[in-house]
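Novice: This structure is in structure tokens; I'll ask about it shortly.
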Amino acid sequence: MTSSAIASRYANALVDVVTGNRAALDPRQAERELRSFADTLAASGALQNALISPAVPPARKRAVVGRIAEILGLSQVIRNFLFVLIDHRRTPALRDITETFELAVDERLGFTRADIRSAQDMPEPQRAALVSRLERMTGKRVRPLFAVDSELIGGAVARIGSTVYDGSVKAQLVTLGRRLAAE
């Protein structure tokens with residue numbers, strides 16, 4: 001089974017748990033908790049090695065994860081999910097599972113993700129206006145991920161799925177140049 005299939009299987013199972021009728025945990029809280037643990041794991045090579053190594057018994061791995069979960073304040077749902085990953089030796093796929101989980105939660109809750117790059121950090125009113133405009137254009141609720149791109153002269157570029165909305169100064173100059181060349 002490919003790593004993306006593995007990530008998808010585990011992520012979708014967790015989405016079912018946190019979006020079900022009897023969900024004991026808010027999906028966004030589950031995202032934060034899973035991301036918190038994944039970031040903690042990524043920051044420690046020794047922890048990664050301990051959780052991946054077949055020489056470390058699963059009970060020991062569970063004890064370590066339980067202690068870290070306690071320190072991070074993780075819910076029982078996320079703790080149990082991490083224990084399942086340990087039991088099935090899927091800890092190395094945690095980063096992919098986390099990313100797939102976040103996308104699946106967005107989809108299940110009716111959001112689409114927009115990667116928005118701008119020349120400089122946008123003030124909140126400008127961000128809100130851009131998100132509102134993207135929502136009108138796509139007909140969907142948008143969950144934005146903002147980033148600064150030093151390659152841009154000005155403006156912004158938004159990518160939603162495979163569609164790119166280019167409002168950068170460079171794109172506007174290219175369009176202007178084509179119009180002037182055509183005249």
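Convention: chains lettered A, B, ... in structure tokens order; per-chain residue numbering from 1; ligands numbered from 1 as shown.
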At a cut-off of 10 Å, using only C-alpha atoms, what residues contact A:Val17? Leave out same-chain residues fewer than 5 positions from it and give the result as a VMD selection string.
Specialist: chain A and resid 11 to 12 22 to 25 27 77 81
Novice: Enumerate, as a ChimeraX atom specification, the complete set of residues in stretch 40-172 of chain A that a backbone-based DSSP assignment places in strand (DSSP E).
Specialist: /A:111-118,141-148,155-160,163-168
Novice: As number ranges by chain, which residues of stretch 32-169 of chain A does DSSP assign to alpha helix (DSSP H)?
Specialist: A: 32-43, 45-52, 58-72, 76-87, 94-108, 124-138, 169
Novice: Quick one: which stretch 51-120 of chain A residues come within 7 Å of stretch 36-47 of chain A, and what is the nearest atom pair for each with the distance in Å to one decimal, counting only C-alpha atoms, rows ordered by chain and ascending number, as CSV?
Specialist:
residue,atom,partner,partner_atom,distance
A:Leu51,CA,A:Leu47,CA,6.2
A:Leu94,CA,A:Ala38,CA,6.5
A:Arg95,CA,A:Ala38,CA,6.1
Novice: Just the residues within 10 Å of A:Met122, please, counting only C-alpha atoms, with nothing from its chain fewer than 5 positions along; format it as a VMD selection string.
Specialist: chain A and resid 117 127 to 128 130 146 to 148 155 to 156
Novice: Kindly export the residues of the current selection with all heavy atoms, as a compact mmCIF listing (two decimals), in the first residue's frame.
Specialist:
# COMPACT_ATOMS: atom_id res chain seq x y z
N ARG A 117 -0.54 33.83 -1.80
CA ARG A 117 0.79 34.44 -1.66
C ARG A 117 0.68 35.91 -2.01
O ARG A 117 0.02 36.27 -2.98
CB ARG A 117 1.79 33.77 -2.61
CG ARG A 117 2.01 32.30 -2.34
CD ARG A 117 2.95 31.63 -3.33
NE ARG A 117 2.41 31.66 -4.68
CZ ARG A 117 3.01 32.25 -5.72
NH1 ARG A 117 4.17 32.84 -5.58
NH2 ARG A 117 2.45 32.22 -6.91
N ARG A 127 -7.18 40.94 4.05
CA ARG A 127 -7.31 39.48 4.01
C ARG A 127 -8.79 39.08 3.95
O ARG A 127 -9.18 38.23 3.15
CB ARG A 127 -6.67 38.84 5.24
CG ARG A 127 -5.17 38.83 5.22
CD ARG A 127 -4.62 38.18 6.47
NE ARG A 127 -3.18 38.14 6.42
CZ ARG A 127 -2.44 37.22 7.02
NH1 ARG A 127 -3.01 36.29 7.75
NH2 ARG A 127 -1.14 37.24 6.91
N ALA A 128 -9.59 39.70 4.80
CA ALA A 128 -11.01 39.38 4.86
C ALA A 128 -11.70 39.71 3.53
O ALA A 128 -12.53 38.93 3.05
CB ALA A 128 -11.68 40.13 6.00
N LEU A 130 -10.29 39.80 0.55
CA LEU A 130 -9.83 38.85 -0.45
C LEU A 130 -10.53 37.50 -0.28
O LEU A 130 -10.99 36.91 -1.25
CB LEU A 130 -8.31 38.68 -0.37
CG LEU A 130 -7.69 37.69 -1.34
CD1 LEU A 130 -8.01 38.05 -2.79
CD2 LEU A 130 -6.17 37.63 -1.15
N PHE A 146 -2.23 32.01 4.22
CA PHE A 146 -1.50 33.15 3.70
C PHE A 146 0.01 32.95 3.84
O PHE A 146 0.48 32.38 4.82
CB PHE A 146 -1.89 34.43 4.46
CG PHE A 146 -3.29 34.90 4.15
CD1 PHE A 146 -4.35 34.56 4.96
CD2 PHE A 146 -3.53 35.68 3.03
CE1 PHE A 146 -5.64 34.98 4.69
CE2 PHE A 146 -4.81 36.10 2.74
CZ PHE A 146 -5.87 35.76 3.56
N ALA A 147 0.74 33.44 2.83
CA ALA A 147 2.20 33.40 2.87
C ALA A 147 2.74 34.61 2.12
O ALA A 147 2.09 35.13 1.20
CB ALA A 147 2.72 32.12 2.24
N VAL A 148 3.91 35.07 2.52
CA VAL A 148 4.58 36.17 1.83
C VAL A 148 5.53 35.58 0.82
O VAL A 148 6.28 34.64 1.13
CB VAL A 148 5.32 37.08 2.83
CG1 VAL A 148 6.12 38.14 2.12
CG2 VAL A 148 4.33 37.73 3.79
N GLY A 155 0.73 42.87 -5.21
CA GLY A 155 -0.49 42.11 -5.45
C GLY A 155 -0.48 40.77 -4.75
O GLY A 155 0.30 40.54 -3.82
N ALA A 156 -1.34 39.86 -5.23
CA ALA A 156 -1.46 38.55 -4.62
C ALA A 156 -1.82 37.50 -5.66
O ALA A 156 -2.39 37.82 -6.71
CB ALA A 156 -2.53 38.57 -3.53
Novice: Show which residues sit within 12 Å of A:Val84, as number ranges by chain. Count only C-alpha atoms, and ignore same-chain residues fewer than 4 positions away.
Specialist: A: 10, 13-14, 58-59, 61-62, 65, 77-80, 88-91, 94
Novice: Set the distance at 12 Å and use only C-alpha atoms: which residues neighbour A:Tyr165 once local chain neighbours fewer than 4 positions away are removed? I'd like the list as a PyMOL selection string.
Specialist: chain A and resi 114-118+130+133-134+137-138+155-161+171-172
Novice: Quick one, how far is atom CA of A:Leu82 from atom CA of A:Arg113?
Specialist: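 Spanning atom CA of A:Leu82 to atom CA of A:Arg113 is a straight-line distance of 25.7 Å.
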Novice: Please report the interatomic distance between atom CA of A:Val15 and atom CA of A:Thr98 in Å with one decimal.
Specialist: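 Straight-line distance from atom CA of A:Val15 to atom CA of A:Thr98 works out to 10.7 Å.
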Novice: Calculate how many Å separate atom CA of A:Asp106 from atom CA of A:Ser3, rounding to one decimal.
Specialist: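 Separation of atom CA of A:Asp106 and atom CA of A:Ser3: 20.8 Å.
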Novice: Pick the closest to A:Leu34 from A:Asp121, A:Asp166, A:Glu107, A:Glu99: which is it, counting only C-alpha atoms?
Specialist: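 Among the listed residues, the smallest separation from A:Leu34 belongs to A:Glu99.
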Novice: Please provide the set of residues having any atom within 12 Å of A:Arg28, restricted to only C-alpha atoms, with same-chain residues fewer than 2 positions apart removed, written as a list in words.
Specialist: Val15, Val18, Thr19, Leu25, Asp26, Ala30, Glu31, Arg32, Glu33, Leu34, Arg35, Phe101, Glu102, Leu103, Ala104, Val105, Asp106, Arg108 and Leu109 of chain A
Novice: Smallest atom-to-atom distance to A:Ala50: which of A:Ala182, A:Ser4, A:Val64, A:Asp149, using only C-alpha atoms?
Specialist: A:Val64
